[in-house]
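> Data file protein.cif (mmCIF, C-alpha atoms and all ligand atoms) is appended below.
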```
data_start
loop_
_atom_site.label_atom_id
_atom_site.label_comp_id
_atom_site.auth_asym_id
_atom_site.auth_seq_id
_atom_site.Cartn_x
_atom_site.Cartn_y
_atom_site.Cartn_z
CA MET A 277 -3.54 -19.98 49.20
CA ILE A 278 -5.16 -21.68 46.23
CA LYS A 279 -3.44 -20.76 42.97
CA ASP A 280 -6.11 -20.05 40.40
CA THR A 281 -6.26 -16.50 39.02
CA ARG A 282 -2.80 -15.69 40.43
CA LEU A 283 -4.11 -12.23 41.21
CA ILE A 284 -4.26 -10.62 44.67
CA LEU A 285 -6.21 -7.41 45.23
CA ALA A 286 -4.53 -4.83 47.49
CA LEU A 287 -7.59 -3.19 49.04
CA ASP A 288 -6.26 0.12 50.34
CA VAL A 289 -9.60 1.91 50.55
CA THR A 290 -10.64 3.47 53.85
CA ASP A 291 -14.41 3.07 53.74
CA ARG A 292 -15.91 -0.15 55.13
CA LEU A 293 -18.91 -0.39 52.82
CA GLN A 294 -16.84 0.44 49.76
CA ALA A 295 -14.32 -2.23 50.78
CA LEU A 296 -16.99 -4.89 51.22
CA LYS A 297 -18.67 -3.93 47.94
CA ILE A 298 -15.40 -4.27 46.03
CA VAL A 299 -14.62 -7.64 47.61
CA GLN A 300 -18.08 -8.86 46.69
CA SER A 301 -17.62 -7.72 43.09
CA VAL A 302 -14.14 -9.19 42.50
CA LYS A 303 -14.76 -12.42 44.43
CA GLY A 304 -13.80 -15.41 42.29
CA HIS A 305 -11.60 -13.24 40.06
CA VAL A 306 -8.83 -12.82 42.64
CA ASP A 307 -7.24 -15.50 44.84
CA ALA A 308 -6.90 -13.28 47.94
CA ILE A 309 -7.49 -9.82 49.31
CA LYS A 310 -4.49 -8.01 50.81
CA ILE A 311 -5.46 -5.47 53.43
CA GLY A 312 -3.27 -3.31 55.61
CA TYR A 313 -3.04 -0.22 57.75
CA PRO A 314 -5.20 2.10 55.59
CA LEU A 315 -8.32 -0.07 55.77
CA VAL A 316 -7.83 -1.54 59.25
CA LEU A 317 -6.96 1.77 60.94
CA ALA A 318 -9.89 3.47 59.23
CA THR A 319 -12.52 0.83 59.96
CA GLY A 320 -11.26 -1.37 62.82
CA LYS A 321 -9.84 -4.85 62.96
CA ASP A 322 -13.21 -6.61 62.59
CA ILE A 323 -12.94 -5.85 58.87
CA ILE A 324 -10.34 -8.65 58.69
CA GLY A 325 -12.91 -11.27 59.72
CA GLU A 326 -15.66 -9.73 57.60
CA ILE A 327 -13.56 -9.96 54.44
CA ALA A 328 -12.21 -13.38 55.41
CA GLU A 329 -15.77 -14.71 55.19
CA MET A 330 -15.70 -13.89 51.47
CA ALA A 331 -12.08 -14.49 50.42
CA PRO A 332 -8.66 -15.39 51.86
CA VAL A 333 -7.10 -12.39 53.61
CA ILE A 334 -3.43 -11.44 53.60
CA ALA A 335 -2.77 -8.92 56.37
CA ASP A 336 -0.04 -6.58 55.18
CA PHE A 337 1.17 -5.19 58.49
CA LYS A 338 4.85 -5.47 57.55
CA VAL A 339 5.56 -6.69 61.06
CA ALA A 340 9.05 -5.56 62.15
CA ASP A 341 9.78 -5.85 65.86
CA ILE A 342 11.47 -7.98 68.50
CA PRO A 343 10.30 -11.60 68.58
CA ASN A 344 7.97 -11.18 71.58
CA THR A 345 6.15 -8.20 70.06
CA ASP A 346 5.99 -9.95 66.69
CA ARG A 347 4.35 -12.91 68.42
CA LEU A 348 1.73 -10.70 70.05
CA ILE A 349 0.96 -8.94 66.74
CA CYS A 350 0.75 -12.12 64.65
CA GLU A 351 -1.49 -13.81 67.22
CA GLU A 352 -3.96 -10.91 67.13
CA VAL A 353 -4.01 -10.82 63.35
CA PHE A 354 -4.59 -14.57 62.99
CA ARG A 355 -7.25 -14.47 65.73
CA ALA A 356 -8.98 -11.70 63.80
CA GLY A 357 -9.32 -14.10 60.86
CA ALA A 358 -6.38 -13.42 58.53
CA ASP A 359 -5.00 -16.35 56.54
CA ALA A 360 -1.54 -14.84 56.16
CA VAL A 361 0.58 -12.03 57.57
CA ILE A 362 3.29 -10.08 55.74
CA VAL A 363 6.38 -9.42 57.85
CA HIS A 364 9.67 -7.63 57.29
CA ALA A 365 12.92 -9.56 57.08
CA PHE A 366 15.40 -6.88 58.14
CA THR A 367 14.69 -7.49 61.84
CA GLY A 368 16.55 -10.79 61.49
CA SER A 369 16.13 -14.53 61.84
CA ASP A 370 14.89 -14.68 65.45
CA SER A 371 12.00 -12.31 64.75
CA LEU A 372 11.12 -14.16 61.56
CA LYS A 373 11.32 -17.54 63.27
CA MET A 374 8.84 -16.35 65.88
CA CYS A 375 6.35 -15.24 63.22
CA VAL A 376 6.66 -18.60 61.45
CA GLU A 377 6.12 -20.41 64.76
CA VAL A 378 2.91 -18.48 65.48
CA ALA A 379 1.67 -19.09 61.92
CA GLU A 380 2.29 -22.82 62.31
CA GLU A 381 0.38 -22.87 65.61
CA HIS A 382 -2.60 -21.31 63.83
CA GLY A 383 -2.23 -23.28 60.58
CA LYS A 384 -1.64 -20.00 58.72
CA GLU A 385 1.05 -18.45 56.50
CA ILE A 386 3.85 -15.88 56.62
CA TYR A 387 5.06 -13.85 53.64
CA VAL A 388 8.35 -11.98 53.96
CA VAL A 389 9.31 -8.70 52.30
CA THR A 390 12.63 -8.89 50.45
CA GLU A 391 13.08 -5.85 48.21
CA MET A 392 10.22 -3.35 47.94
CA SER A 393 8.87 -2.03 44.66
CA HIS A 394 9.33 1.72 45.08
CA PRO A 395 12.51 3.63 44.03
CA GLY A 396 13.56 4.16 47.68
CA ALA A 397 14.08 0.41 48.03
CA LEU A 398 17.37 0.95 46.19
CA ASP A 399 18.71 3.11 49.06
CA PHE A 400 19.06 0.26 51.56
CA MET A 401 16.83 -2.73 50.89
CA GLN A 402 18.25 -3.95 47.60
CA LYS A 403 21.69 -4.37 49.16
CA ALA A 404 20.27 -6.88 51.66
CA ALA A 405 17.49 -8.39 49.55
CA GLU A 406 19.31 -11.53 48.49
CA ASP A 407 20.37 -12.35 52.06
CA MET A 408 16.84 -11.67 53.26
CA ALA A 409 15.43 -13.98 50.58
CA GLN A 410 17.84 -16.71 51.67
CA MET A 411 16.87 -16.24 55.31
CA ALA A 412 13.18 -16.48 54.36
CA ALA A 413 13.85 -19.70 52.49
CA ASN A 414 15.75 -21.15 55.47
CA ALA A 415 12.83 -20.23 57.76
CA LYS A 416 10.47 -22.17 55.45
CA VAL A 417 8.00 -19.34 55.03
CA ALA A 418 5.06 -19.69 52.65
CA GLY A 419 6.37 -16.95 50.43
CA VAL A 420 8.26 -13.74 49.83
CA VAL A 421 7.25 -10.35 48.48
CA ALA A 422 9.32 -9.19 45.48
CA PRO A 423 9.00 -6.13 43.21
CA ALA A 424 6.94 -6.26 40.01
CA THR A 425 8.63 -2.97 39.08
CA ARG A 426 11.90 -4.93 38.63
CA PRO A 427 11.16 -8.32 37.00
CA GLU A 428 14.90 -9.07 36.83
CA ARG A 429 14.95 -8.92 40.65
CA VAL A 430 11.96 -11.27 40.84
CA LYS A 431 13.99 -13.68 38.71
CA MET A 432 17.04 -13.28 40.95
CA ILE A 433 14.99 -13.86 44.11
CA ARG A 434 13.38 -16.93 42.52
CA SER A 435 16.85 -18.35 41.84
CA ILE A 436 17.71 -17.96 45.53
CA ILE A 437 14.55 -19.35 47.15
CA GLY A 438 13.94 -22.26 44.75
CA ASP A 439 10.53 -23.52 43.65
CA ASP A 440 8.94 -24.46 46.97
CA ILE A 441 8.40 -20.91 48.20
CA ALA A 442 5.88 -18.60 46.59
CA ILE A 443 6.56 -15.11 45.27
CA ILE A 444 3.82 -12.51 45.58
CA SER A 445 4.62 -9.38 43.67
CA PRO A 446 3.25 -5.84 44.06
CA GLY A 447 3.95 -2.92 41.76
CA VAL A 448 1.74 -3.83 38.79
CA GLY A 449 -0.30 -1.04 37.22
CA ALA A 450 -0.11 2.23 39.19
CA GLN A 451 3.60 1.71 39.97
CA GLY A 452 4.41 0.82 36.37
CA GLY A 453 4.98 -2.95 36.54
CA SER A 454 3.45 -5.42 34.07
CA ALA A 455 1.49 -8.47 35.23
CA ALA A 456 2.68 -10.61 32.33
CA ASP A 457 6.37 -9.72 32.77
CA THR A 458 6.17 -10.37 36.51
CA ILE A 459 4.62 -13.80 36.06
CA LYS A 460 7.17 -14.64 33.34
CA ALA A 461 9.96 -13.61 35.73
CA GLY A 462 8.80 -16.26 38.21
CA ALA A 463 6.14 -14.72 40.43
CA ASP A 464 3.28 -16.96 41.56
CA TRP A 465 0.90 -14.07 42.18
CA VAL A 466 0.78 -10.41 41.28
CA ILE A 467 -0.68 -7.90 43.70
CA VAL A 468 -2.71 -5.05 42.22
CA GLY A 469 -4.26 -2.21 44.18
CA ARG A 470 -5.16 1.16 42.67
CA SER A 471 -5.62 -0.08 39.09
CA ILE A 472 -8.48 -2.25 40.37
CA TYR A 473 -10.03 -0.46 43.35
CA LEU A 474 -10.01 2.99 41.71
CA ALA A 475 -11.54 1.69 38.48
CA ASP A 476 -15.18 2.37 37.58
CA ASP A 477 -15.64 -1.38 37.26
CA PRO A 478 -13.10 -3.20 39.50
CA ARG A 479 -14.47 -6.57 38.46
CA GLN A 480 -13.82 -6.02 34.76
CA VAL A 481 -10.27 -4.80 35.44
CA ALA A 482 -9.59 -7.85 37.62
CA ILE A 483 -10.91 -10.12 34.87
CA GLY A 484 -8.69 -8.35 32.34
CA ILE A 485 -5.56 -8.74 34.44
CA GLY A 486 -6.50 -12.37 35.06
CA LYS A 487 -6.59 -12.91 31.29
CA GLU A 488 -3.20 -11.21 30.86
CA ILE A 489 -1.78 -13.54 33.52
CA LYS A 490 -3.26 -16.63 31.86
CA ASP A 491 -1.86 -15.64 28.48
CA ALA A 492 1.58 -15.10 30.01
O1 LIG B 1 0.51 0.30 43.89
P1 LIG B 1 -0.81 -0.38 44.15
O2 LIG B 1 -1.95 0.56 44.38
O3 LIG B 1 -1.11 -1.43 43.10
O4 LIG B 1 -0.70 -1.17 45.55
C1 LIG B 1 0.36 -2.01 45.89
C2 LIG B 1 0.14 -2.55 47.27
O5 LIG B 1 1.21 -3.39 47.65
C3 LIG B 1 0.03 -1.51 48.37
O6 LIG B 1 -0.84 -2.03 49.37
C4 LIG B 1 1.43 -1.42 48.92
O7 LIG B 1 1.46 -1.01 50.25
C5 LIG B 1 1.89 -2.86 48.79
N1 LIG B 1 3.32 -3.07 48.61
C6 LIG B 1 4.02 -2.49 47.59
O8 LIG B 1 3.43 -1.75 46.80
C7 LIG B 1 5.37 -2.75 47.46
C8 LIG B 1 6.02 -3.57 48.29
O9 LIG B 1 7.28 -3.82 48.10
C9 LIG B 1 5.30 -4.15 49.31
C10 LIG B 1 3.96 -3.88 49.44
#
```
Would you mind writing the file out in structure tokens?

Amino acid sequence: MIKDTRLILALDVTDRLQALKIVQSVKGHVDAIKIGYPLVLATGKDIIGEIAEMAPVIADFKVADIPNTDRLICEEVFRAGADAVIVHAFTGSDSLKMCVEVAEEHGKEIYVVTEMSHPGALDFMQKAAEDMAQMAANAKVAGVVAPATRPERVKMIRSIIGDDIAIISPGVGAQGGSAADTIKAGADWVIVGRSIYLADDPRQVAIGIGKEIKDA
């Protein structure tokens, strides 16, 4: 992914035309579009390729299965046109290794969830987050997903993975996180969904967050 605006739009709308219209309007003001189950289940997997013609696509399917099933899923998603797939780490190193292998075969990227941004992540995930970050670093993934709602955890995860692996960070805006604080804590990109796609003018909001990131 080319690092320019350092902003990724999470496009969790469920209408195809609305999705395409928003991508068209924010194009150039975000570095990638993250799409996942809401949009793909509502409109079909061809939406991946349609959006990929306009901007890099990160497919947030939080893949979490045995290695063989992970392989089948990642192959379909890359074939559909995605540039990157987000996978879970808790399934362990063999599952992750398989995803990385498929990504390498396709010249694409894997991002791995460490600790999620919502309060429930403290129930189980946070306890394993540092080990999962280390496993992701060992597997030489393109990046990890870390919570913008807890900048101190972004910092901690950065200290584990070093500087060669990217951090993409959701939780800015609707979930209460700050773009500037997240970037200062060591994230390479922030991921913003509702604050942009629910706005009257998504483009202006994206430009505003881009400015905040630059100033940080
Ligand atoms: O809260 P927002 O509307 O800005 O959207 C955040 C997006 O990032 C959304 O697609 C959600 O599924 C995803 N995400 C998290 O919010 C938190 C995580 O730890 C991982 C993914």
> Can you measure atom O4 of ligand LIG 1 (chain B) to atom CA of A:Gln451 for me? One decimal in Å is fine.
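Result for atom O4 of ligand LIG 1 (chain B) versus atom CA of A:Gln451: 7.6 Å, one decimal.
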> Give me, as a Markdown table, each residue of chain A that comes within 7 Å of ligand LIG 1 (chain B), together with its shortest interatomic pair and the distance in Å at one decimal, counting all atoms listed in the file, with rows ordered by chain and rising residue number.

```
| residue | atom | partner | partner_atom | distance |
| --- | --- | --- | --- | --- |
| A:Ala286 | CA | B:LIG1 | O6 | 5.0 |
| A:Leu287 | CA | B:LIG1 | O6 | 6.9 |
| A:Asp288 | CA | B:LIG1 | O6 | 5.9 |
| A:Gly312 | CA | B:LIG1 | O6 | 6.8 |
| A:Val389 | CA | B:LIG1 | O9 | 6.8 |
| A:Glu391 | CA | B:LIG1 | O9 | 6.1 |
| A:Met392 | CA | B:LIG1 | O9 | 3.0 |
| A:Ser393 | CA | B:LIG1 | O9 | 4.2 |
| A:His394 | CA | B:LIG1 | C7 | 6.4 |
| A:Val421 | CA | B:LIG1 | O9 | 6.5 |
| A:Ala422 | CA | B:LIG1 | O9 | 6.3 |
| A:Pro423 | CA | B:LIG1 | O9 | 5.7 |
| A:Pro446 | CA | B:LIG1 | O5 | 4.8 |
| A:Gly447 | CA | B:LIG1 | O1 | 5.2 |
| A:Val448 | CA | B:LIG1 | O3 | 5.7 |
| A:Gly449 | CA | B:LIG1 | O3 | 5.9 |
| A:Ala450 | CA | B:LIG1 | O1 | 5.1 |
| A:Gln451 | CA | B:LIG1 | O1 | 5.2 |
| A:Ile467 | CA | B:LIG1 | O5 | 6.3 |
| A:Val468 | CA | B:LIG1 | O3 | 4.1 |
| A:Gly469 | CA | B:LIG1 | O3 | 3.4 |
| A:Arg470 | CA | B:LIG1 | O2 | 3.7 |
| A:Ser471 | CA | B:LIG1 | O3 | 6.2 |
```
> Given 8 Å on each side, where is the centre and what are the edge lengths in Å to one decimal of the axis-aligned box enclosing the listed atoms of stretch 440-447 of chain A, as lines of an AutoDock Vina configuration file?

```
center_x = 6.1
center_y = -13.7
center_z = 45.0
size_x = 21.7
size_y = 37.5
size_z = 22.4
```
> Tell me, as JSON, numbers by chain, which residues lie within 12 Å of A:Ile342, counting only C-alpha atoms; anything in the same chain fewer than 6 positions away does not count.
{"A": [348, 349, 363, 364, 365, 366, 367, 368, 369, 370, 371, 372, 373, 374, 375]}
> Take the residues just selected and output them with C-alpha atoms as an mmCIF file, keeping the file's coordinate frame.

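Output saved as out-v2.cif:
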```cif
data_model
loop_
_atom_site.group_PDB
_atom_site.id
_atom_site.type_symbol
_atom_site.label_atom_id
_atom_site.label_comp_id
_atom_site.auth_asym_id
_atom_site.auth_seq_id
_atom_site.Cartn_x
_atom_site.Cartn_y
_atom_site.Cartn_z
ATOM 1 C CA LEU A 348 1.730 -10.700 70.050
ATOM 2 C CA ILE A 349 0.960 -8.940 66.740
ATOM 3 C CA VAL A 363 6.380 -9.420 57.850
ATOM 4 C CA HIS A 364 9.670 -7.630 57.290
ATOM 5 C CA ALA A 365 12.920 -9.560 57.080
ATOM 6 C CA PHE A 366 15.400 -6.880 58.140
ATOM 7 C CA THR A 367 14.690 -7.490 61.840
ATOM 8 C CA GLY A 368 16.550 -10.790 61.490
ATOM 9 C CA SER A 369 16.130 -14.530 61.840
ATOM 10 C CA ASP A 370 14.890 -14.680 65.450
ATOM 11 C CA SER A 371 12.000 -12.310 64.750
ATOM 12 C CA LEU A 372 11.120 -14.160 61.560
ATOM 13 C CA LYS A 373 11.320 -17.540 63.270
ATOM 14 C CA MET A 374 8.840 -16.350 65.880
ATOM 15 C CA CYS A 375 6.350 -15.240 63.220
#
```
> What is the distance between atom CA of A:Glu351 and atom CA of A:Gln294, in Å to one decimal?
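Taking atom CA of A:Glu351 as the start and atom CA of A:Gln294 as the end point, the length is 27.3 Å.
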> Near A:Thr290, within 9 Å and counting all atoms listed in the file, which residues show up once chain neighbours fewer than 4 positions away are dropped, as a PyMOL selection string?
chain A and resi 294-295+314-319
> Restricting the calculation to only C-alpha atoms: of A:Leu398, A:Val481, A:Val430, A:Ala358, which residue gets closest to A:Asp322?
A:Ala358
> Skipping near chain neighbours, those fewer than 2 positions away, what residues fall within 8 Å of A:Ile386 using all atoms listed in the file, listed as number ranges by chain?
A: 360-363, 375-376, 379, 384, 388, 417-419
> Just want the 10 Å neighbourhood of A:Ile483, counted on all atoms listed in the file, with same-chain residues fewer than 6 positions away dropped. Output as an NGL selection string.
:A and (281 or 283 or 302 or 304-306 or 472 or 489)
> For the atom pair atom CA of A:Ala405 and atom CA of A:Asp457, what is the interatomic distance in Å to one decimal place?
20.2 Å
> Can you tell me, as an MDAnalysis selection string, what residues are no more than 8 Å from A:Val299 when counting all atoms listed in the file, ignoring any on the same chain fewer than 2 positions away?
chainID A and resid 295:297 301:303 309 327 330:331
> Can you work out which one of A:Ile298, A:Val353, A:Met401, A:Met277 has the shortest atom-to-atom distance to A:Ile324, counting all atoms listed in the file?
A:Val353
> Which residue gives the smallest distance to A:Gln402 among A:Lys416, A:Arg426, A:His382, A:Lys487, with only C-alpha atoms counted?
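Nearest candidate to A:Gln402 out of A:Lys416, A:Arg426, A:His382, A:Lys487: A:Arg426.
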> Which is closest to A:Glu329 among A:Asp359, A:Asp440, A:Asp280, A:Asp407, if we use all atoms listed in the file?
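So, comparing all the options, the nearest one is A:Asp359.
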> Which polymer residues, whether protein, DNA or RNA, lie within 10 Å of the coordinate (17.1, -18.9, 50.8) when you count all atoms listed in the file? List them as a list in words, using the chain letters and numbers from the file.
Glu406, Asp407, Met408, Ala409, Gln410, Met411, Ala412, Ala413, Asn414, Ala415, Lys416, Ile433, Arg434, Ser435, Ile436, Ile437, Gly438 and Ile441 of chain A
> Taking all atoms listed in the file into account, name the residue in A:Val378, A:Val420, A:Leu285, A:Ala463 that is nearest to A:Glu352.
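Ranking A:Val378, A:Val420, A:Leu285, A:Ala463 by distance to A:Glu352, first place goes to A:Val378.
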> Some atoms are missing, so please complete stretch 406-417 of chain A with all heavy atoms and return it as a short mmCIF file (atom, residue, chain, number, x, y, z; two decimals), in the frame of the given file.

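Done, and the output landed in result.cif:
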```cif
data_model
loop_
_atom_site.label_atom_id
_atom_site.label_comp_id
_atom_site.auth_asym_id
_atom_site.auth_seq_id
_atom_site.Cartn_x
_atom_site.Cartn_y
_atom_site.Cartn_z
N GLU A 406 18.99 -10.13 48.79
CA GLU A 406 19.31 -11.53 48.49
C GLU A 406 19.53 -12.32 49.78
O GLU A 406 19.09 -13.46 49.91
CB GLU A 406 20.50 -11.61 47.53
CG GLU A 406 20.07 -11.11 46.15
CD GLU A 406 21.22 -10.73 45.23
OE1 GLU A 406 22.25 -11.42 45.25
OE2 GLU A 406 21.08 -9.72 44.50
N ASP A 407 20.19 -11.69 50.75
CA ASP A 407 20.37 -12.35 52.06
C ASP A 407 19.02 -12.55 52.75
O ASP A 407 18.78 -13.58 53.39
CB ASP A 407 21.27 -11.50 52.97
CG ASP A 407 22.73 -11.54 52.53
OD1 ASP A 407 23.09 -12.45 51.76
OD2 ASP A 407 23.50 -10.65 52.94
N MET A 408 18.15 -11.55 52.62
CA MET A 408 16.84 -11.67 53.26
C MET A 408 16.02 -12.78 52.61
O MET A 408 15.32 -13.53 53.28
CB MET A 408 16.11 -10.32 53.23
CG MET A 408 16.82 -9.28 54.10
SD MET A 408 15.85 -7.83 54.52
CE MET A 408 15.81 -6.93 52.97
N ALA A 409 16.14 -12.91 51.28
CA ALA A 409 15.43 -13.98 50.58
C ALA A 409 15.94 -15.34 51.04
O ALA A 409 15.16 -16.27 51.28
CB ALA A 409 15.61 -13.82 49.07
N GLN A 410 17.25 -15.45 51.20
CA GLN A 410 17.84 -16.71 51.67
C GLN A 410 17.37 -17.04 53.09
O GLN A 410 17.02 -18.18 53.39
CB GLN A 410 19.37 -16.62 51.63
CG GLN A 410 20.08 -17.93 51.97
CD GLN A 410 19.73 -19.05 50.98
OE1 GLN A 410 19.99 -18.93 49.80
NE2 GLN A 410 19.11 -20.13 51.46
N MET A 411 17.33 -16.01 53.94
CA MET A 411 16.87 -16.24 55.31
C MET A 411 15.41 -16.69 55.31
O MET A 411 15.02 -17.59 56.07
CB MET A 411 17.01 -14.94 56.12
CG MET A 411 16.58 -15.09 57.56
SD MET A 411 16.69 -13.54 58.48
CE MET A 411 15.28 -12.67 57.84
N ALA A 412 14.60 -16.10 54.45
CA ALA A 412 13.18 -16.48 54.36
C ALA A 412 13.06 -17.94 53.92
O ALA A 412 12.25 -18.69 54.47
CB ALA A 412 12.46 -15.56 53.39
N ALA A 413 13.89 -18.32 52.96
CA ALA A 413 13.85 -19.70 52.49
C ALA A 413 14.26 -20.66 53.60
O ALA A 413 13.62 -21.70 53.81
CB ALA A 413 14.76 -19.87 51.27
N ASN A 414 15.30 -20.30 54.35
CA ASN A 414 15.75 -21.15 55.47
C ASN A 414 14.66 -21.29 56.53
O ASN A 414 14.54 -22.33 57.17
CB ASN A 414 17.00 -20.55 56.12
CG ASN A 414 18.20 -20.55 55.19
OD1 ASN A 414 18.18 -21.23 54.15
ND2 ASN A 414 19.22 -19.78 55.52
N ALA A 415 13.87 -20.22 56.72
CA ALA A 415 12.83 -20.23 57.76
C ALA A 415 11.57 -20.96 57.28
O ALA A 415 10.60 -21.08 58.02
CB ALA A 415 12.48 -18.81 58.17
N LYS A 416 11.59 -21.43 56.03
CA LYS A 416 10.47 -22.17 55.45
C LYS A 416 9.15 -21.39 55.52
O LYS A 416 8.12 -21.90 55.97
CB LYS A 416 10.33 -23.54 56.12
CG LYS A 416 11.55 -24.43 55.93
CD LYS A 416 11.23 -25.89 56.15
CE LYS A 416 12.29 -26.84 55.66
NZ LYS A 416 13.69 -26.43 55.74
N VAL A 417 9.22 -20.16 55.10
CA VAL A 417 8.00 -19.34 55.03
C VAL A 417 7.17 -19.79 53.83
O VAL A 417 7.67 -20.49 52.94
CB VAL A 417 8.34 -17.84 54.90
CG1 VAL A 417 9.12 -17.36 56.10
CG2 VAL A 417 9.12 -17.57 53.60
#
```
